[in-house]
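Novice: What follows is the file coords.txt, containing compact mmCIF, C-alpha atoms and all ligand atoms:
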# COMPACT_ATOMS: atom_id res chain seq x y z
CA MET Y 1 0.00 0.00 0.00
CA ILE Y 2 1.18 3.52 -0.72
CA ARG Y 3 -0.15 6.94 0.30
CA PHE Y 4 1.00 10.28 -1.03
CA PHE Y 5 0.09 13.76 0.18
CA GLU Y 6 1.12 17.32 -0.62
CA ASN Y 7 1.40 20.03 2.03
CA HIS Y 8 0.86 17.44 4.76
CA SER Y 9 0.79 18.23 8.49
CA LEU Y 10 3.48 16.41 10.50
CA LYS Y 11 1.85 17.08 13.88
CA GLN Y 12 0.88 13.40 14.24
CA HIS Y 13 4.33 12.34 13.02
CA ASN Y 14 6.61 13.84 15.66
CA THR Y 15 6.40 13.19 19.39
CA PHE Y 16 7.08 16.85 20.22
CA GLY Y 17 3.72 17.49 18.53
CA ILE Y 18 5.11 20.36 16.44
CA ASP Y 19 2.67 21.49 13.75
CA ALA Y 20 5.13 21.64 10.83
CA LYS Y 21 4.13 20.80 7.26
CA ALA Y 22 5.87 18.68 4.64
CA LYS Y 23 5.75 19.74 0.99
CA TYR Y 24 5.42 16.04 0.03
CA PHE Y 25 4.74 13.00 2.18
CA PHE Y 26 5.07 9.40 0.97
CA GLU Y 27 4.14 6.29 2.94
CA PHE Y 28 4.71 2.69 1.83
CA THR Y 29 4.32 -0.83 3.17
CA GLU Y 30 6.25 -2.84 0.53
CA PRO Y 31 9.95 -2.15 -0.17
CA GLN Y 32 9.14 -2.61 -3.87
CA ASP Y 33 6.65 0.31 -3.76
CA LEU Y 34 9.40 2.64 -2.59
CA ALA Y 35 11.66 1.65 -5.50
CA GLU Y 36 8.83 2.15 -7.98
CA PHE Y 37 7.78 5.49 -6.53
CA LEU Y 38 11.29 6.93 -6.59
CA SER Y 39 12.24 5.65 -10.03
CA ALA Y 40 8.96 6.79 -11.61
CA ASN Y 41 9.82 10.45 -11.17
CA GLU Y 42 13.35 11.79 -11.75
CA SER Y 43 12.57 15.07 -10.02
CA TRP Y 44 12.66 13.42 -6.58
CA LYS Y 45 16.44 13.52 -6.94
CA ASN Y 46 16.29 17.32 -6.65
CA GLU Y 47 14.10 17.39 -3.57
CA LYS Y 48 15.39 17.50 -0.02
CA LEU Y 49 14.48 14.25 1.67
CA ILE Y 50 14.07 12.91 5.19
CA VAL Y 51 12.95 9.56 6.51
CA LEU Y 52 10.50 9.75 9.37
CA GLY Y 53 9.47 6.83 11.54
CA GLU Y 54 7.38 7.76 14.57
CA GLY Y 55 9.28 11.05 14.81
CA SER Y 56 10.39 10.33 18.36
CA ASN Y 57 13.88 11.80 17.94
CA ILE Y 58 13.23 14.84 15.79
CA LEU Y 59 12.50 18.53 16.25
CA PHE Y 60 11.05 20.53 13.36
CA LEU Y 61 12.17 24.16 13.48
CA ASN Y 62 10.29 25.01 10.28
CA ASP Y 63 8.04 23.47 7.66
CA PHE Y 64 9.93 20.88 5.64
CA ASP Y 65 10.35 21.98 2.04
CA GLY Y 66 10.92 18.55 0.53
CA LEU Y 67 9.88 14.90 0.55
CA VAL Y 68 9.18 13.03 3.78
CA ILE Y 69 9.38 9.25 3.44
CA HIS Y 70 7.47 7.28 6.05
CA PRO Y 71 8.26 3.54 5.95
CA LYS Y 72 5.40 1.40 7.25
CA VAL Y 73 6.79 -2.00 6.27
CA PRO Y 74 5.12 -4.53 8.61
CA GLY Y 75 6.02 -8.01 9.80
CA ILE Y 76 8.00 -10.04 12.32
CA THR Y 77 9.28 -13.22 10.64
CA SER Y 78 11.59 -15.91 11.94
CA VAL Y 79 14.15 -16.37 9.14
CA SER Y 80 16.54 -18.93 10.66
CA GLU Y 81 17.89 -20.35 13.89
CA ASP Y 82 20.87 -22.16 15.32
CA ARG Y 83 21.58 -23.74 18.67
CA ASN Y 84 21.72 -20.47 20.65
CA SER Y 85 19.93 -17.91 18.54
CA GLU Y 86 16.82 -17.18 16.57
CA TYR Y 87 17.03 -14.70 13.69
CA LEU Y 88 14.00 -12.47 13.18
CA GLU Y 89 13.44 -10.12 10.26
CA VAL Y 90 11.32 -7.18 11.38
CA GLY Y 91 9.76 -4.53 9.13
CA ALA Y 92 10.91 -0.93 9.62
CA GLY Y 93 7.32 0.11 10.34
CA GLU Y 94 6.77 -2.18 13.33
CA VAL Y 95 6.47 -0.34 16.64
CA TRP Y 96 9.71 -0.97 18.55
CA ASP Y 97 8.08 -1.78 21.88
CA GLU Y 98 5.62 -4.21 20.29
CA PHE Y 99 8.61 -6.08 18.90
CA VAL Y 100 10.22 -6.17 22.37
CA GLN Y 101 6.95 -7.50 23.76
CA HIS Y 102 6.89 -10.19 21.06
CA ALA Y 103 10.50 -11.21 21.80
CA VAL Y 104 9.90 -11.43 25.56
CA ALA Y 105 6.69 -13.46 25.04
CA SER Y 106 8.67 -15.82 22.79
CA GLU Y 107 11.32 -16.25 25.52
CA LEU Y 108 13.97 -14.60 23.34
CA GLY Y 109 16.47 -12.33 25.05
CA GLY Y 110 18.69 -9.41 24.11
CA ILE Y 111 16.29 -6.46 23.93
CA GLU Y 112 14.26 -6.71 27.16
CA ASN Y 113 16.18 -3.78 28.72
CA LEU Y 114 15.14 -1.71 25.70
CA SER Y 115 11.45 -2.02 26.61
CA PHE Y 116 9.18 1.00 26.26
CA ILE Y 117 11.54 3.05 24.08
CA PRO Y 118 9.36 5.03 21.67
CA GLY Y 119 9.82 4.78 17.92
CA MET Y 120 9.78 2.30 15.06
CA VAL Y 121 12.05 -0.65 14.40
CA GLY Y 122 13.61 1.09 11.39
CA ALA Y 123 14.86 3.91 13.60
CA ALA Y 124 16.44 1.66 16.22
CA PRO Y 125 19.75 1.06 14.38
CA VAL Y 126 20.03 4.66 13.17
CA GLN Y 127 20.81 6.06 16.59
CA ASN Y 128 21.72 2.71 18.14
CA ILE Y 129 19.07 2.98 20.84
CA GLY Y 130 20.20 2.01 24.30
CA ALA Y 131 19.08 1.84 27.92
CA TYR Y 132 20.00 0.11 31.18
CA GLY Y 133 23.28 -1.30 29.90
CA GLN Y 134 21.92 -2.70 26.62
CA GLU Y 135 22.34 -1.30 23.11
CA VAL Y 136 20.54 -2.52 20.02
CA CYS Y 137 23.86 -2.96 18.15
CA SER Y 138 24.58 -6.11 20.13
CA VAL Y 139 21.61 -7.93 18.54
CA VAL Y 140 21.58 -6.47 15.02
CA GLU Y 141 22.66 -9.02 12.40
CA LYS Y 142 21.88 -7.11 9.23
CA VAL Y 143 20.10 -3.95 8.09
CA LYS Y 144 18.20 -4.06 4.78
CA GLY Y 145 16.96 -1.16 2.70
CA TYR Y 146 17.12 0.91 -0.43
CA ASP Y 147 20.18 2.79 -1.71
CA LEU Y 148 18.92 6.11 -3.07
CA GLU Y 149 22.05 6.91 -5.06
CA LYS Y 150 22.26 3.56 -6.83
CA GLY Y 151 18.49 3.20 -6.99
CA GLU Y 152 18.56 -0.41 -5.78
CA PRO Y 153 18.14 -2.55 -2.66
CA ALA Y 154 21.19 -2.88 -0.40
CA GLU Y 155 22.09 -4.41 2.96
CA TYR Y 156 24.64 -3.74 5.69
CA SER Y 157 26.22 -6.27 8.02
CA VAL Y 158 26.62 -5.30 11.66
CA ALA Y 159 30.31 -4.41 11.13
CA GLU Y 160 29.40 -2.11 8.25
CA CYS Y 161 26.84 -0.30 10.43
CA LYS Y 162 29.72 1.36 12.42
CA PHE Y 163 27.71 1.44 15.63
CA ALA Y 164 28.79 3.72 18.49
CA TYR Y 165 27.06 5.45 21.41
CA ARG Y 166 23.79 6.78 19.87
CA ASN Y 167 25.47 6.70 16.48
CA SER Y 168 25.84 4.64 13.29
CA VAL Y 169 26.73 4.91 9.61
CA PHE Y 170 23.02 5.60 8.94
CA LYS Y 171 23.25 8.83 10.92
CA GLN Y 172 26.56 9.82 9.31
CA TYR Y 173 27.75 8.79 5.85
CA LEU Y 174 24.45 7.19 4.80
CA LYS Y 175 22.24 9.98 6.12
CA ASN Y 176 19.48 10.57 3.56
CA LYS Y 177 21.20 8.17 1.15
CA PHE Y 178 19.75 4.90 2.44
CA ILE Y 179 16.23 4.01 3.56
CA ILE Y 180 15.93 1.16 6.03
CA THR Y 181 13.08 -1.22 5.20
CA SER Y 182 13.79 -4.09 7.63
CA VAL Y 183 16.27 -5.26 10.26
CA ILE Y 184 17.41 -8.81 11.01
CA PHE Y 185 17.96 -9.37 14.73
CA ARG Y 186 19.81 -12.22 16.42
CA LEU Y 187 18.03 -12.97 19.69
CA ASP Y 188 19.21 -15.37 22.41
CA LYS Y 189 17.37 -18.57 23.22
CA PHE Y 190 19.35 -18.79 26.47
CA PRO Y 191 19.63 -15.15 27.49
CA GLU Y 192 22.17 -13.76 29.89
CA PHE Y 193 20.35 -11.08 31.83
CA ASN Y 194 21.96 -7.68 32.09
CA LEU Y 195 21.24 -6.14 35.49
CA LYS Y 196 24.41 -4.04 35.78
CA TYR Y 197 22.33 -0.90 36.08
CA GLY Y 198 21.74 -0.75 39.84
CA GLN Y 199 18.29 0.76 39.77
CA LEU Y 200 17.04 -1.94 37.40
CA ASN Y 201 18.61 -4.68 39.50
CA ASP Y 202 16.81 -3.34 42.60
CA LYS Y 203 13.47 -3.06 40.79
CA VAL Y 204 13.67 -6.61 39.39
CA LYS Y 205 14.45 -8.06 42.83
CA GLU Y 206 11.56 -6.09 44.29
CA ASN Y 207 9.24 -7.49 41.59
CA GLY Y 208 10.27 -11.16 41.98
CA ASP Y 209 12.29 -13.61 39.89
CA VAL Y 210 14.95 -12.71 37.38
CA ASN Y 211 13.37 -13.53 34.01
CA LEU Y 212 12.59 -11.73 30.75
CA GLN Y 213 9.01 -10.86 31.69
CA ASN Y 214 10.01 -9.40 35.02
CA ILE Y 215 12.90 -7.40 33.55
CA ARG Y 216 10.56 -5.94 30.95
CA LYS Y 217 7.98 -5.10 33.60
CA SER Y 218 10.65 -3.43 35.76
CA VAL Y 219 12.09 -1.36 32.90
CA VAL Y 220 8.59 -0.17 32.00
CA GLU Y 221 7.96 0.85 35.62
CA ILE Y 222 11.25 2.78 35.87
CA ARG Y 223 10.72 4.54 32.57
CA GLU Y 224 7.11 5.42 33.42
CA SER Y 225 8.21 6.93 36.72
CA LYS Y 226 10.89 9.18 35.16
CA LEU Y 227 10.08 9.82 31.54
CA PRO Y 228 6.99 11.72 30.38
CA ASP Y 229 4.52 9.87 28.14
CA THR Y 230 4.82 11.34 24.65
CA LYS Y 231 1.05 10.95 24.18
CA LYS Y 232 0.38 13.27 27.12
CA LEU Y 233 3.35 15.65 26.98
CA GLY Y 234 5.32 16.28 23.79
CA ASN Y 235 8.98 15.24 24.11
CA ALA Y 236 11.68 13.21 22.37
CA GLY Y 237 13.31 11.37 25.27
CA SER Y 238 16.85 12.50 26.07
CA PHE Y 239 17.37 15.78 24.25
CA PHE Y 240 21.16 15.69 24.64
CA LYS Y 241 23.73 12.89 24.60
CA ASN Y 242 25.65 12.15 27.74
CA PRO Y 243 28.92 14.01 27.09
CA VAL Y 244 32.14 12.02 26.80
CA VAL Y 245 35.08 14.06 28.13
CA ALA Y 246 38.81 13.65 28.78
CA ILE Y 247 39.73 12.01 32.11
CA GLU Y 248 41.57 15.18 33.21
CA LEU Y 249 38.44 17.31 32.89
CA ALA Y 250 36.34 14.68 34.69
CA LYS Y 251 38.87 14.59 37.57
CA LYS Y 252 38.94 18.34 37.85
CA LEU Y 253 35.13 18.44 37.95
CA GLN Y 254 35.01 15.65 40.52
CA ASN Y 255 37.26 17.68 42.83
CA GLU Y 256 34.92 20.58 42.59
CA PHE Y 257 31.68 18.53 42.54
CA PRO Y 258 32.23 15.26 44.45
CA GLU Y 259 28.67 14.11 43.69
CA LEU Y 260 29.26 14.14 39.91
CA PRO Y 261 28.10 10.80 38.41
CA VAL Y 262 30.78 9.33 36.09
CA TYR Y 263 30.83 6.28 33.80
CA THR Y 264 33.60 4.77 31.70
CA GLY Y 265 33.49 6.30 28.26
CA GLY Y 266 36.06 4.23 26.35
CA GLU Y 267 39.82 4.75 25.99
CA GLY Y 268 40.98 7.62 28.20
CA LYS Y 269 37.49 9.04 28.31
CA ILE Y 270 34.75 9.48 30.89
CA LYS Y 271 31.04 9.75 30.22
CA LEU Y 272 29.16 12.29 32.35
CA ALA Y 273 25.42 12.41 33.09
CA ALA Y 274 23.97 15.30 31.11
CA GLY Y 275 20.79 15.15 33.23
CA TRP Y 276 22.84 15.79 36.37
CA LEU Y 277 24.76 18.71 34.80
CA ILE Y 278 21.50 20.30 33.59
CA GLU Y 279 19.84 19.87 36.98
CA GLN Y 280 22.86 21.39 38.77
CA ALA Y 281 22.79 24.32 36.36
CA GLY Y 282 19.31 25.00 37.75
CA TRP Y 283 17.13 23.94 34.85
CA LYS Y 284 15.10 21.04 36.20
CA GLY Y 285 11.37 21.85 36.09
CA LYS Y 286 11.98 25.31 34.53
CA ARG Y 287 9.58 26.53 31.89
CA ILE Y 288 9.81 29.29 29.30
CA GLY Y 289 6.40 29.75 27.69
CA ASP Y 290 5.30 26.28 26.60
CA ALA Y 291 8.84 24.87 26.38
CA GLY Y 292 10.25 23.38 29.56
CA VAL Y 293 12.67 21.02 31.25
CA HIS Y 294 10.96 17.94 32.67
CA ASN Y 295 10.67 17.98 36.46
CA LYS Y 296 11.68 14.32 36.96
CA GLN Y 297 14.46 13.97 34.34
CA ALA Y 298 16.33 17.10 33.35
CA LEU Y 299 17.65 15.52 30.14
CA VAL Y 300 14.16 15.66 28.66
CA ILE Y 301 12.76 18.85 27.14
CA VAL Y 302 8.97 18.96 26.92
CA ASN Y 303 6.32 20.81 24.96
CA TYR Y 304 3.62 21.84 27.45
CA GLY Y 305 1.23 22.85 24.69
CA ILE Y 306 1.88 24.97 21.66
CA ALA Y 307 5.62 25.61 21.84
CA THR Y 308 7.16 26.03 18.40
CA GLY Y 309 10.20 24.03 17.33
CA GLN Y 310 12.20 27.25 17.48
CA GLU Y 311 11.16 27.92 21.10
CA ILE Y 312 12.25 24.42 22.13
CA TYR Y 313 15.51 24.87 20.25
CA ASP Y 314 16.12 28.27 21.90
CA LEU Y 315 15.60 26.72 25.34
CA SER Y 316 18.10 23.99 24.46
CA GLU Y 317 20.63 26.66 23.43
CA GLN Y 318 20.24 28.40 26.79
CA ILE Y 319 20.76 25.11 28.59
CA LYS Y 320 23.89 24.36 26.56
CA LEU Y 321 25.30 27.78 27.34
CA SER Y 322 24.71 27.61 31.08
CA VAL Y 323 26.10 24.06 31.36
CA TYR Y 324 29.18 25.21 29.46
CA ASN Y 325 29.60 28.26 31.68
CA LYS Y 326 29.28 26.24 34.90
CA PHE Y 327 31.19 23.07 33.99
CA GLY Y 328 33.15 23.80 30.79
CA VAL Y 329 31.34 20.85 29.18
CA GLU Y 330 29.82 21.09 25.72
CA LEU Y 331 26.47 19.27 25.36
CA GLU Y 332 25.62 17.76 22.01
CA ARG Y 333 22.01 17.29 20.92
CA GLU Y 334 20.79 13.75 20.51
CA VAL Y 335 17.59 14.95 18.84
CA ASN Y 336 17.76 15.72 15.12
CA CYS Y 337 16.86 19.33 14.39
CA ILE Y 338 15.36 19.91 10.94
N1 LIG Y 401 20.37 12.69 36.96
C1 LIG Y 401 20.17 13.82 37.73
N2 LIG Y 401 19.15 14.65 37.42
C2 LIG Y 401 18.32 14.42 36.39
C3 LIG Y 401 18.52 13.27 35.58
C4 LIG Y 401 19.55 12.42 35.90
O1 LIG Y 401 20.88 14.05 38.69
O2 LIG Y 401 17.41 15.22 36.17
C5 LIG Y 401 21.44 11.75 37.32
C6 LIG Y 401 20.86 10.46 37.87
O3 LIG Y 401 20.62 10.53 39.24
C7 LIG Y 401 21.94 9.46 37.54
C8 LIG Y 401 22.50 9.98 36.22
O4 LIG Y 401 22.15 11.37 36.15
O5 LIG Y 401 22.96 9.50 38.49
C9 LIG Y 401 21.99 9.24 35.01
O6 LIG Y 401 20.59 9.36 34.92
P1 LIG Y 401 19.65 8.19 34.33
O7 LIG Y 401 20.01 6.89 34.91
O8 LIG Y 401 18.23 8.65 34.46
O9 LIG Y 401 20.03 8.06 32.82
P2 LIG Y 401 20.53 9.14 31.75
O10 LIG Y 401 22.00 9.03 31.60
O11 LIG Y 401 19.97 10.47 32.06
C10 LIG Y 401 20.43 7.48 29.73
C11 LIG Y 401 19.88 7.47 28.33
C12 LIG Y 401 18.39 7.17 28.37
C13 LIG Y 401 18.19 5.82 29.03
C14 LIG Y 401 18.79 5.89 30.45
C15 LIG Y 401 18.73 4.54 31.17
C16 LIG Y 401 21.25 8.96 26.99
C17 LIG Y 401 21.35 10.29 26.32
N3 LIG Y 401 20.13 8.74 27.68
O12 LIG Y 401 19.83 8.58 30.41
O13 LIG Y 401 17.93 7.08 27.03
O14 LIG Y 401 16.82 5.50 29.11
O15 LIG Y 401 20.18 6.25 30.37
O16 LIG Y 401 19.68 3.70 30.65
O17 LIG Y 401 22.15 8.14 26.86
C18 LIG Y 401 17.06 8.39 25.24
O18 LIG Y 401 18.12 8.18 24.65
O19 LIG Y 401 16.12 9.06 24.72
C19 LIG Y 401 16.89 7.88 26.58
C20 LIG Y 401 15.82 8.16 27.32
Take the structure from the file and write it as C-alpha cells.
Specialist:
Amino acid sequence: MIRFFENHSLKQHNTFGIDAKAKYFFEFTEPQDLAEFLSANESWKNEKLIVLGEGSNILFLNDFDGLVIHPKVPGITSVSEDRNSEYLEVGAGEVWDEFVQHAVASELGGIENLSFIPGMVGAAPVQNIGAYGQEVCSVVEKVKGYDLEKGEPAEYSVAECKFAYRNSVFKQYLKNKFIITSVIFRLDKFPEFNLKYGQLNDKVKENGDVNLQNIRKSVVEIRESKLPDTKKLGNAGSFFKNPVVAIELAKKLQNEFPELPVYTGGEGKIKLAAGWLIEQAGWKGKRIGDAGVHNKQALVIVNYGIATGQEIYDLSEQIKLSVYNKFGVELEREVNCI
C-alpha cells in the first residue's frame, strides 16, 4: 500500500507534537513500492528528503520543504535459527516496543532492557538505541533497505553499520542516502540477563524472579516513573547525549563537585550524566512559555502545549550555554533538528 500527500501536516508524526508541514509525504508498506515510486519520477532527486518513523527523535524548526518518506513495512518473521539464537526479520514500520513484547513473550532475550523506548524498528539502528546497559547494536545481524544513489536494494552487516554510542553509519555517511526497510535481529534462546544498572537490579528483585518478563515489567515501571509519556506531553526522550570528556576534565570536575556521576566512556574518556549537569545548572522543572525542562528527568525537554520548534531549540541553546559556563562541558544534541 502507498499513500501520497502534498502540504501534509506532521503534527501526528513527531512526538514533540510540532505542527510543521511537509511539501510532500510518501508512505509505503512494501519495499518494492518505494523503489517504484522513486524511479517513476526523476525530479525526486532534486528534492530534499528525510525519513521519518514515529518522529520520536526529531525537532522541526520550520516546515519541511521537501519529501518526507514514512516507511510502514510490517512483519515479524523468523528467518533462521541455530543452537543459541533465533534470527528475526522485522519490518521498519513495526512499533519498537511491540517487537520487544513479542521477543519477551517468545522467551527470546537481548532487547528486554530496551522495553518502552518510543519509535519504530527502522529507527532503532540509526541512533543505536540504548538503555539500562543494553544497546541494540549487540543484537543487530543485518540492516536491509534501499540505496537512493544507486536506486537499488542494499544491505549492511553489523560491522558495516559502524555502531557507536547513539550513532551509526546511517546517521553519518548514509544519512538521507539509504532508507531502512527491515532489520534482522539475532536474539538469544538462552539469554544472559543484564542487570548491571543498579536501579534496574533493585526493581527486578523487588518485583520477583529474574526472568525476561520481570525485567521488561521493571524497565517499564522505571521509565514510566521518570520519563513523560509522549502521548500526554510532547517530548523526544533525552534531548542531549551524555557528554564524553577527557579524564583530566572529569577529575577536575570531581574535585569541585564530588557528587558528579561518572561512567567509563572508552579509551581515556569518561562519560558524564547530562541530566545531572543540567539539573545542577538549575534547569530542572523550569519553563519558558510552553517549552520546559521535565521535572523528573532534566535531560528531557517537553512541549507543554503549543511551543514552536524554534522555542524548544532556543531553550536547548540556553541550557547548553549555562552548562558550558558552569562546567566547561559542551552538550551535544541527541535529537535531530530539521
Ligand atoms: N540525573 C540527575 N538529574 C536528572 C537526571 C539524571 O541528577 O534530572 C542523574 C541520575 O541521578 C543518575 C545519572 O544522572 O545518576 C543518570 O541518569 P539516568 O540513569 O536517568 O540516565 P541518563 O543518563 O539520564 C540514559 C539514556 C536514556 C536511558 C537511560 C537509562 C542517553 C542520552 N540517555 O539517560 O535514554 O533510558 O540512560 O539507561 O544516553 C534516550 O536516549 O532518549 C533515553 C531516554
Novice: Once 5 Å is added on each side, what centre and edge lengths in Å to one decimal does the axis-aligned box around all listed atoms of ligand LIG 401 (chain Y) have, as JSON?
Specialist:
{"center_x": 19.4, "center_y": 9.5, "center_z": 31.9, "size_x": 17.1, "size_y": 21.5, "size_z": 24.6}
Novice: Between Y:Asn303, Y:Asn62, Y:Ser78, Y:Asn325, which has the minimum distance to Gln280 in chain Y (counting all atoms listed in the file)?
Specialist: Y:Asn325
Novice: As a list in words, please: every protein or nucleic acid residue near ligand LIG 401 (chain Y) (cut-off 6 Å, counting all atoms listed in the file).
Specialist: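 The neighbouring residues of ligand LIG 401 (chain Y) are, in order, Ala131, Tyr132, Gly237, Ser238, Phe240, Lys241, Asn242, Pro261, Ala273, Gly275, Trp276, Glu279, Lys296, Gln297, Ala298 and Leu299 of chain Y.
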Novice: Compare Y:Glu47, Y:Glu149, Y:Glu54, Y:Glu135 by their minimum atom-to-atom distance to Asn167 in chain Y, counting all atoms listed in the file, and give me the closest one.
Specialist: Y:Glu135
Novice: Do you know which residues are at most 9 Å from Tyr263 in chain Y counting only C-alpha atoms, after dropping those on the same chain fewer than 5 positions away, and could you put them as a tab-separated table (two decimals) with C-alpha atoms, keeping the file's coordinate frame?
Specialist:
chain	number	residue	atom	x	y	z
Y	270	ILE	CA	34.75	9.48	30.89
Y	271	LYS	CA	31.04	9.75	30.22
Y	272	LEU	CA	29.16	12.29	32.35
Y	273	ALA	CA	25.42	12.41	33.09
Novice: Using only C-alpha atoms, which of the listed residues (Y:Gln254, Y:Gln199, Y:Ser157, Y:Ser56) sits closest to Gly133 in chain Y?
Specialist: Y:Gln199
Novice: Name the residues in contact with Leu187 in chain Y at a cut-off of 9 Å, using only C-alpha atoms, excluding same-chain residues fewer than 5 positions from it; report them as a ChimeraX atom specification.
Specialist: /Y:84-88,103,108-111,139-140
Novice: So that I can check the surroundings of His102 in chain Y, please list as a PDB file with C-alpha atoms, keeping the file's coordinate frame every protein, DNA and RNA residue that reaches within 12 Å of it, counting all atoms listed in the file and ignoring chain neighbours fewer than 5 positions away.
Specialist:
ATOM      1  CA  GLY Y  75       6.020  -8.010   9.800  1.00  0.00           C
ATOM      2  CA  ILE Y  76       8.000 -10.040  12.320  1.00  0.00           C
ATOM      3  CA  THR Y  77       9.280 -13.220  10.640  1.00  0.00           C
ATOM      4  CA  SER Y  78      11.590 -15.910  11.940  1.00  0.00           C
ATOM      5  CA  LEU Y  88      14.000 -12.470  13.180  1.00  0.00           C
ATOM      6  CA  VAL Y  90      11.320  -7.180  11.380  1.00  0.00           C
ATOM      7  CA  GLU Y  94       6.770  -2.180  13.330  1.00  0.00           C
ATOM      8  CA  VAL Y  95       6.470  -0.340  16.640  1.00  0.00           C
ATOM      9  CA  TRP Y  96       9.710  -0.970  18.550  1.00  0.00           C
ATOM     10  CA  ASP Y  97       8.080  -1.780  21.880  1.00  0.00           C
ATOM     11  CA  GLU Y 107      11.320 -16.250  25.520  1.00  0.00           C
ATOM     12  CA  LEU Y 108      13.970 -14.600  23.340  1.00  0.00           C
ATOM     13  CA  GLY Y 109      16.470 -12.330  25.050  1.00  0.00           C
ATOM     14  CA  ILE Y 111      16.290  -6.460  23.930  1.00  0.00           C
ATOM     15  CA  GLU Y 112      14.260  -6.710  27.160  1.00  0.00           C
ATOM     16  CA  SER Y 115      11.450  -2.020  26.610  1.00  0.00           C
ATOM     17  CA  LEU Y 187      18.030 -12.970  19.690  1.00  0.00           C
ATOM     18  CA  LEU Y 212      12.590 -11.730  30.750  1.00  0.00           C
ATOM     19  CA  GLN Y 213       9.010 -10.860  31.690  1.00  0.00           C
ATOM     20  CA  ARG Y 216      10.560  -5.940  30.950  1.00  0.00           C
TER      21      ARG Y 216
END
Novice: What is the CA of Gly305 in chain Y to CA of His13 in chain Y distance in Å?
Specialist: 16.0 Å
Novice: Could you produce a table of the residues of range 58-79 of chain Y lying within 9 Å of range 22-34 of chain Y, with the nearest pair of atoms per residue and their separation in Å rounded to one decimal, using only C-alpha atoms, ordered by chain and increasing residue number, as JSON lines?
Specialist:
{"residue": "Y:Asp63", "atom": "CA", "partner": "Y:Ala22", "partner_atom": "CA", "distance": 6.1}
{"residue": "Y:Phe64", "atom": "CA", "partner": "Y:Ala22", "partner_atom": "CA", "distance": 4.7}
{"residue": "Y:Asp65", "atom": "CA", "partner": "Y:Lys23", "partner_atom": "CA", "distance": 5.2}
{"residue": "Y:Gly66", "atom": "CA", "partner": "Y:Lys23", "partner_atom": "CA", "distance": 5.3}
{"residue": "Y:Leu67", "atom": "CA", "partner": "Y:Tyr24", "partner_atom": "CA", "distance": 4.6}
{"residue": "Y:Val68", "atom": "CA", "partner": "Y:Phe25", "partner_atom": "CA", "distance": 4.7}
{"residue": "Y:Ile69", "atom": "CA", "partner": "Y:Phe26", "partner_atom": "CA", "distance": 5.0}
{"residue": "Y:His70", "atom": "CA", "partner": "Y:Glu27", "partner_atom": "CA", "distance": 4.7}
{"residue": "Y:Pro71", "atom": "CA", "partner": "Y:Phe28", "partner_atom": "CA", "distance": 5.5}
{"residue": "Y:Lys72", "atom": "CA", "partner": "Y:Thr29", "partner_atom": "CA", "distance": 4.8}
{"residue": "Y:Val73", "atom": "CA", "partner": "Y:Thr29", "partner_atom": "CA", "distance": 4.1}
{"residue": "Y:Pro74", "atom": "CA", "partner": "Y:Thr29", "partner_atom": "CA", "distance": 6.6}
Novice: Between CA of Glu221 in chain Y and CA of Glu206 in chain Y, what is the spacing in Å?
Specialist: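 For CA of Glu206 in chain Y relative to CA of Glu221 in chain Y, the distance reads 11.7 Å.
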Novice: Between Y:Pro118, Y:Gly234, Y:Gly151, Y:Pro228, which one has atoms that come closest to Gly309 in chain Y, using all atoms listed in the file?
Specialist: Y:Gly234
Novice: From the list Y:Lys251, Y:His8, Y:Lys171, Y:Lys320, which residue is nearest Ala281 in chain Y when using only C-alpha atoms?
Specialist: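 Answer, going by the shortest atom-to-atom distance: Y:Lys320.
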Novice: Ranking Y:Cys337, Y:Lys326, Y:Gly289, Y:Glu36 by minimum distance to Glu256 in chain Y and counting only C-alpha atoms, which one comes first?
Specialist: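 Between Y:Cys337, Y:Lys326, Y:Gly289, Y:Glu36, the residue approaching Glu256 in chain Y most closely is Y:Lys326.
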Novice: Using only C-alpha atoms and a cutoff of 12 Å, can you tell me which residues are near (17.3, 24.0, 27.2) in the file's coordinates, and write them out as a ChimeraX atom specification?
Specialist: /Y:238-240,274-275,277-279,281-288,291-294,298-303,310-323,331-333
Novice: At what distance in Å, to one decimal, does CA of Phe37 in chain Y lie from CA of Cys161 in chain Y?
Specialist: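 Going from CA of Cys161 in chain Y over to CA of Phe37 in chain Y, I get 26.2 Å.
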Novice: What's around Ile184 in chain Y at 6 Å? Count all atoms listed in the file, leave out sequence neighbours fewer than 2 positions away in its own chain, and write the answer as a count of residues only.
Specialist: 4
